[in-house]
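In what follows, a structure is listed as structure tokens, so that the remarks can point back to it.
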Amino acid sequence: MAEQLGRYPAAKRVIAHVSDTHLLDGGAPLGGRADTVGALRQVVAQLERLGDRLDAIVVTGDVTDLGEPDAYRRVRELVDPLAASSGARVVWVMGNHDVRGPFREGLLDEPASDEPVNQVVDLDGLRVIALDTSVPGWHHGRLDDASLEWLDRVLAEPAPEGTFLAMHHAPLATPLALMDVLELQGQDALAEVIRGRDIRLILGGHLHYPTNGEFAGIPVSVAGATAYTMDLSAPPRELVGVDGGRSFDLVHVYDATHVSIVVPLGPFPVVTSFGEEFLAEVEGLPPEGRLDRFSRKPEGS
């Protein structure tokens, strides 16, 4: 157990929040340019550094770009070994680019079905609900009455450590006007179901840039895409996706709170680094010594 150096202990759980991987059949580049397979491979490489500190990997939709079986197979080939080596559970969430039948067969090892892909995953008391906001044949989001009724029944019984709700179409405002056309419809009905329940955090995707906000009194965290990123500095009336700026999130879960952290997809040159030996040295000092060793500025600075 690592020494507690400050006010907060180590996180009780660490969840990788990955979104919008958009793989294609044969590993083809997206739009003839974006190397989505290489990007996902880089995500896996960076998450491998966490070892057994990773408790879950939540992928919030658009796992593939066209719902092709080979694309789902390629995703599994990259993610499954990471899950096995870390002991992390994988939670797959449907997106508007996914197709329910191949999604079920390729990721969940279930028979093909056109029914919404709604799931509940228990992380030793922390409940993760994967909610299918996709509309077959369309790119906007919507929750049908059956899904809302199912969600209401699940939430009727609180989880021991609360609930994370994972969904592709995040119920947040966006400055990208065209993305409003593809928003989640029926948000008022969703708010009625989830307000006042035990949901601690809503995880979303779809927007292709990291952002956060609040919905029905609940924090919302949207992970950036690994496929490509929307350029928020583009002219206001243009929708521009760029081959860069990729990221994923790490959600550190504590008893009474959580922290969502954006992790840029590298590799990048190292500017500064303090290794394990230095950390061990600081841990071995009394509190005053830790401040003197790492907080005190050099004279004249």
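Ligands are numbered from 1 in the order shown, chains are lettered A, B, ... in the order of the structure tokens, and residues start at 1 in each chain.
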Let's see if you can do this: from backbone DSSP, list all alpha helix (DSSP H) residues in stretch 76-249 of chain A, as a ChimeraX atom specification. /A:76-86,100-103,145-155,177-181,187-194
Residues of stretch 8-80 of chain A that have any atom at most 10 Å from an atom of stretch 106-120 of chain A: could you tabulate them with the shortest-distance atom pair and the distance in Å to one decimal, using only C-alpha atoms, ordered by chain and increasing number, as CSV?
```
residue,atom,partner,partner_atom,distance
A:Val63,CA,A:Leu107,CA,9.7
A:Gly67,CA,A:Gly106,CA,9.7
A:Glu68,CA,A:Gly106,CA,9.2
A:Pro69,CA,A:Gly106,CA,6.4
A:Asp70,CA,A:Gly106,CA,8.5
A:Ala71,CA,A:Gly106,CA,8.8
A:Tyr72,CA,A:Gly106,CA,5.4
A:Arg73,CA,A:Gly106,CA,6.2
A:Arg74,CA,A:Gly106,CA,9.6
A:Val75,CA,A:Leu107,CA,8.6
A:Arg76,CA,A:Leu107,CA,7.0
```
So that I have them on file, write out the residues from the current selection with N, CA, C and O atoms, as a compact mmCIF listing (two decimals), in the first residue's frame.
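After the write, result33.txt holds the following:
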```txt
# COMPACT_ATOMS: atom_id res chain seq x y z
N VAL A 63 -17.60 2.30 -31.37
CA VAL A 63 -16.46 1.39 -31.32
C VAL A 63 -15.96 1.14 -32.74
O VAL A 63 -14.76 1.10 -33.00
N GLY A 67 -19.98 -0.65 -38.16
CA GLY A 67 -20.57 -1.86 -37.58
C GLY A 67 -20.11 -3.15 -38.22
O GLY A 67 -20.81 -4.16 -38.17
N GLU A 68 -18.92 -3.16 -38.80
CA GLU A 68 -18.42 -4.34 -39.50
C GLU A 68 -17.87 -5.37 -38.53
O GLU A 68 -17.12 -5.03 -37.60
N PRO A 69 -18.21 -6.66 -38.72
CA PRO A 69 -17.73 -7.70 -37.81
C PRO A 69 -16.21 -7.72 -37.66
O PRO A 69 -15.70 -7.90 -36.55
N ASP A 70 -15.47 -7.54 -38.74
CA ASP A 70 -14.02 -7.57 -38.64
C ASP A 70 -13.49 -6.43 -37.79
O ASP A 70 -12.49 -6.58 -37.07
N ALA A 71 -14.14 -5.30 -37.84
CA ALA A 71 -13.71 -4.16 -37.03
C ALA A 71 -13.89 -4.45 -35.54
O ALA A 71 -13.02 -4.12 -34.72
N TYR A 72 -15.02 -5.08 -35.18
CA TYR A 72 -15.22 -5.46 -33.77
C TYR A 72 -14.17 -6.48 -33.35
O TYR A 72 -13.66 -6.43 -32.22
N ARG A 73 -13.85 -7.41 -34.24
CA ARG A 73 -12.84 -8.42 -33.92
C ARG A 73 -11.50 -7.76 -33.64
O ARG A 73 -10.79 -8.13 -32.69
N ARG A 74 -11.14 -6.77 -34.42
CA ARG A 74 -9.86 -6.09 -34.23
C ARG A 74 -9.82 -5.32 -32.92
O ARG A 74 -8.78 -5.25 -32.25
N VAL A 75 -10.93 -4.74 -32.55
CA VAL A 75 -10.99 -4.04 -31.25
C VAL A 75 -10.75 -5.03 -30.11
O VAL A 75 -9.95 -4.76 -29.19
N ARG A 76 -11.42 -6.17 -30.18
CA ARG A 76 -11.25 -7.18 -29.14
C ARG A 76 -9.81 -7.68 -29.07
O ARG A 76 -9.27 -7.93 -27.98
```
Give me the residues within 7 Å of A:Phe164 as a compact mmCIF listing (two decimals) with N, CA and C atoms, in the first residue's frame, counting only C-alpha atoms and dropping any in the same chain fewer than 3 places off.
```txt
# COMPACT_ATOMS: atom_id res chain seq x y z
N ARG A 127 -21.80 0.26 -9.37
CA ARG A 127 -22.59 -0.21 -10.51
C ARG A 127 -22.33 0.68 -11.73
N VAL A 128 -22.09 0.05 -12.87
CA VAL A 128 -21.98 0.77 -14.14
C VAL A 128 -23.14 0.32 -15.02
N ILE A 129 -23.96 1.26 -15.45
CA ILE A 129 -25.08 0.97 -16.34
C ILE A 129 -24.73 1.49 -17.73
N ILE A 199 -27.02 7.93 -8.97
CA ILE A 199 -26.04 8.11 -10.04
C ILE A 199 -25.02 9.18 -9.63
N ARG A 200 -23.76 8.78 -9.60
CA ARG A 200 -22.67 9.68 -9.19
C ARG A 200 -22.07 10.42 -10.38
N LEU A 201 -22.09 9.81 -11.55
CA LEU A 201 -21.43 10.38 -12.72
C LEU A 201 -22.03 9.80 -13.99
N ILE A 202 -22.17 10.65 -15.00
CA ILE A 202 -22.57 10.21 -16.34
C ILE A 202 -21.34 10.29 -17.24
```
Applying 8 Å and only C-alpha atoms, which residues near stretch 133-149 of chain A remain after dropping the ones on its own chain fewer than 2 positions away? List them as a list in words.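 With the cut-off at 8 Å, the set is Met94, Gly95, Asn96, His97, Val99, Pro116, Asn118, Leu131, Leu151, Asp152, Arg153, Met167, His168, His169, Val181, Leu182, Glu183, Leu184, Gln185, Gly186, Ala189, Leu190 and Val193 of chain A.
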Using the selection just defined, write its residues with N, CA, C and O atoms as a CSV table (one decimal), in the first residue's frame.
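Here's the written file result.csv:
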```csv
chain,number,residue,atom,x,y,z
A,94,MET,N,-23.1,1.1,-26.8
A,94,MET,CA,-23.5,1.3,-28.2
A,94,MET,C,-23.4,2.8,-28.5
A,94,MET,O,-23.8,3.6,-27.8
A,95,GLY,N,-22.9,3.0,-29.8
A,95,GLY,CA,-22.9,4.4,-30.3
A,95,GLY,C,-23.7,4.4,-31.6
A,95,GLY,O,-24.1,3.4,-32.1
A,96,ASN,N,-23.9,5.6,-32.2
A,96,ASN,CA,-24.7,5.7,-33.4
A,96,ASN,C,-24.0,5.1,-34.6
A,96,ASN,O,-24.7,4.8,-35.6
A,97,HIS,N,-22.7,5.0,-34.6
A,97,HIS,CA,-22.0,4.3,-35.7
A,97,HIS,C,-22.0,2.8,-35.6
A,97,HIS,O,-21.7,2.1,-36.5
A,99,VAL,N,-23.6,-1.1,-34.9
A,99,VAL,CA,-24.8,-1.8,-35.4
A,99,VAL,C,-25.1,-2.9,-34.3
A,99,VAL,O,-24.2,-3.7,-34.0
A,116,PRO,N,-32.4,-2.8,-28.0
A,116,PRO,CA,-31.4,-1.9,-27.4
A,116,PRO,C,-30.4,-2.7,-26.5
A,116,PRO,O,-30.7,-3.6,-25.8
A,118,ASN,N,-28.7,-2.7,-23.5
A,118,ASN,CA,-28.6,-2.1,-22.2
A,118,ASN,C,-28.0,-3.1,-21.2
A,118,ASN,O,-28.5,-4.3,-21.2
A,131,LEU,N,-26.2,2.3,-21.2
A,131,LEU,CA,-27.5,2.7,-21.7
A,131,LEU,C,-27.4,3.0,-23.2
A,131,LEU,O,-26.6,3.8,-23.7
A,151,LEU,N,-34.4,1.3,-17.2
A,151,LEU,CA,-33.5,2.1,-16.3
A,151,LEU,C,-34.1,2.4,-15.0
A,151,LEU,O,-33.5,2.3,-13.9
A,152,ASP,N,-35.4,2.8,-15.0
A,152,ASP,CA,-36.1,3.1,-13.8
A,152,ASP,C,-36.2,1.9,-12.9
A,152,ASP,O,-36.0,2.1,-11.6
A,153,ARG,N,-36.4,0.7,-13.4
A,153,ARG,CA,-36.4,-0.5,-12.6
A,153,ARG,C,-35.1,-0.8,-12.0
A,153,ARG,O,-35.0,-1.1,-10.8
A,167,MET,N,-23.2,6.3,-21.5
A,167,MET,CA,-24.1,6.5,-22.6
A,167,MET,C,-23.3,7.2,-23.7
A,167,MET,O,-22.5,8.1,-23.4
A,168,HIS,N,-23.6,7.0,-25.0
A,168,HIS,CA,-22.9,7.6,-26.0
A,168,HIS,C,-23.2,9.0,-26.2
A,168,HIS,O,-22.4,9.9,-26.2
A,169,HIS,N,-24.5,9.3,-26.4
A,169,HIS,CA,-25.0,10.7,-26.6
A,169,HIS,C,-25.1,11.4,-25.3
A,169,HIS,O,-26.0,11.2,-24.5
A,181,VAL,N,-28.0,18.9,-34.1
A,181,VAL,CA,-28.9,18.0,-34.8
A,181,VAL,C,-28.8,16.6,-34.4
A,181,VAL,O,-29.8,15.8,-34.4
A,182,LEU,N,-27.6,16.2,-34.0
A,182,LEU,CA,-27.3,14.8,-33.6
A,182,LEU,C,-27.4,14.6,-32.1
A,182,LEU,O,-26.8,13.6,-31.6
A,183,GLU,N,-28.0,15.5,-31.3
A,183,GLU,CA,-28.1,15.4,-29.9
A,183,GLU,C,-29.0,14.3,-29.4
A,183,GLU,O,-29.7,13.6,-30.2
A,184,LEU,N,-29.0,14.1,-28.1
A,184,LEU,CA,-29.9,13.1,-27.5
A,184,LEU,C,-31.2,13.8,-27.4
A,184,LEU,O,-31.4,14.8,-26.7
A,185,GLN,N,-32.2,13.2,-28.0
A,185,GLN,CA,-33.6,13.7,-27.9
A,185,GLN,C,-34.3,13.0,-26.6
A,185,GLN,O,-33.9,12.0,-26.1
A,186,GLY,N,-35.3,13.7,-26.1
A,186,GLY,CA,-36.0,13.2,-25.0
A,186,GLY,C,-35.3,13.4,-23.7
A,186,GLY,O,-35.4,12.5,-22.8
A,189,ALA,N,-37.4,13.4,-20.3
A,189,ALA,CA,-37.8,12.1,-19.8
A,189,ALA,C,-36.7,11.4,-19.1
A,189,ALA,O,-36.9,10.8,-18.0
A,190,LEU,N,-35.5,11.5,-19.6
A,190,LEU,CA,-34.3,10.9,-18.9
A,190,LEU,C,-34.1,11.5,-17.6
A,190,LEU,O,-33.9,10.9,-16.6
A,193,VAL,N,-36.2,10.3,-14.8
A,193,VAL,CA,-35.9,8.9,-14.3
A,193,VAL,C,-34.7,9.0,-13.4
A,193,VAL,O,-34.6,8.3,-12.4
```
As a VMD selection string, please: every residue in stretch 12-58 of chain A that a backbone DSSP assignment puts in strand (DSSP E or B). chain A and resid 13 to 19 23 30 34 56 to 58
Neighbouring residues of stretch 206-218 of chain A were defined as those with any atom within 8 Å, considering only C-alpha atoms; residues of the same chain fewer than 5 positions away were excluded. Please report them as a ChimeraX atom specification. /A:19-20,61-62,95,168-172,179,191,194-195,199-201,223-225,228-230,247,262
So what do you get for atom CA of A:Gly196 versus atom CA of A:Val154, distance-wise?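 Computed distance, atom CA of A:Gly196 to atom CA of A:Val154, equals 13.8 Å.
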Work out how far apart atom CA of A:Ala227 and atom CA of A:His22 are and give it in Å to one decimal. 6.0 Å
Within 12 Å of A:Ala28, counting only C-alpha atoms, which residues show up once you throw out same-chain ones fewer than 4 positions away? Write them as a list of chain:residue names, please.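 Neighbouring residues, sequence-local ones excluded: A:His22, A:Leu23, A:Leu24, A:Gly32, A:Arg33, A:Ala34, A:Asp35, A:Thr36, A:Val37, A:Gly38, A:Thr64, A:Asp65, A:Leu66, A:Glu68, A:Asp70, A:Ala71, A:Arg74.
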Could those selected residues go to a file with N, CA, C and O atoms, as a short mmCIF file (atom, residue, chain, number, x, y, z; two decimals), in the first residue's frame?
```cif
data_model
loop_
_atom_site.label_atom_id
_atom_site.label_comp_id
_atom_site.auth_asym_id
_atom_site.auth_seq_id
_atom_site.Cartn_x
_atom_site.Cartn_y
_atom_site.Cartn_z
N HIS A 22 -13.89 4.11 -33.65
CA HIS A 22 -14.23 4.14 -35.08
C HIS A 22 -13.37 3.24 -35.97
O HIS A 22 -12.91 3.66 -37.04
N LEU A 23 -13.15 1.98 -35.59
CA LEU A 23 -12.37 1.09 -36.43
C LEU A 23 -13.17 0.64 -37.66
O LEU A 23 -14.40 0.55 -37.62
N LEU A 24 -12.43 0.34 -38.74
CA LEU A 24 -13.02 -0.12 -39.99
C LEU A 24 -12.54 -1.53 -40.33
O LEU A 24 -11.52 -2.01 -39.81
N GLY A 32 -9.55 7.66 -45.08
CA GLY A 32 -8.32 7.51 -45.84
C GLY A 32 -7.11 8.11 -45.18
O GLY A 32 -6.02 8.15 -45.77
N ARG A 33 -7.24 8.57 -43.92
CA ARG A 33 -6.14 9.29 -43.28
C ARG A 33 -5.87 8.87 -41.84
O ARG A 33 -4.73 8.61 -41.46
N ALA A 34 -6.91 8.79 -41.02
CA ALA A 34 -6.73 8.59 -39.58
C ALA A 34 -6.46 7.12 -39.25
O ALA A 34 -7.26 6.24 -39.59
N ASP A 35 -5.35 6.85 -38.58
CA ASP A 35 -4.96 5.50 -38.20
C ASP A 35 -5.64 5.14 -36.88
O ASP A 35 -5.07 5.28 -35.80
N THR A 36 -6.87 4.67 -36.98
CA THR A 36 -7.64 4.37 -35.77
C THR A 36 -7.11 3.14 -35.04
O THR A 36 -7.19 3.07 -33.81
N VAL A 37 -6.56 2.18 -35.77
CA VAL A 37 -5.98 1.00 -35.13
C VAL A 37 -4.74 1.39 -34.34
O VAL A 37 -4.56 0.99 -33.18
N GLY A 38 -3.88 2.20 -34.94
CA GLY A 38 -2.69 2.66 -34.24
C GLY A 38 -3.03 3.48 -33.01
O GLY A 38 -2.36 3.38 -31.98
N THR A 64 -16.89 0.98 -33.66
CA THR A 64 -16.55 0.86 -35.08
C THR A 64 -17.23 2.00 -35.84
O THR A 64 -18.12 2.67 -35.31
N ASP A 65 -16.82 2.18 -37.07
CA ASP A 65 -17.40 3.26 -37.87
C ASP A 65 -18.61 2.81 -38.66
O ASP A 65 -19.53 3.61 -38.90
N LEU A 66 -18.62 1.53 -39.07
CA LEU A 66 -19.72 1.03 -39.91
C LEU A 66 -20.37 -0.24 -39.35
O LEU A 66 -21.18 -0.86 -40.04
N GLU A 68 -18.92 -3.16 -38.80
CA GLU A 68 -18.42 -4.34 -39.50
C GLU A 68 -17.87 -5.37 -38.53
O GLU A 68 -17.12 -5.03 -37.60
N ASP A 70 -15.47 -7.54 -38.74
CA ASP A 70 -14.02 -7.57 -38.64
C ASP A 70 -13.49 -6.43 -37.79
O ASP A 70 -12.49 -6.58 -37.07
N ALA A 71 -14.14 -5.30 -37.84
CA ALA A 71 -13.71 -4.16 -37.03
C ALA A 71 -13.89 -4.45 -35.54
O ALA A 71 -13.02 -4.12 -34.72
N ARG A 74 -11.14 -6.77 -34.42
CA ARG A 74 -9.86 -6.09 -34.23
C ARG A 74 -9.82 -5.32 -32.92
O ARG A 74 -8.78 -5.25 -32.25
#
```
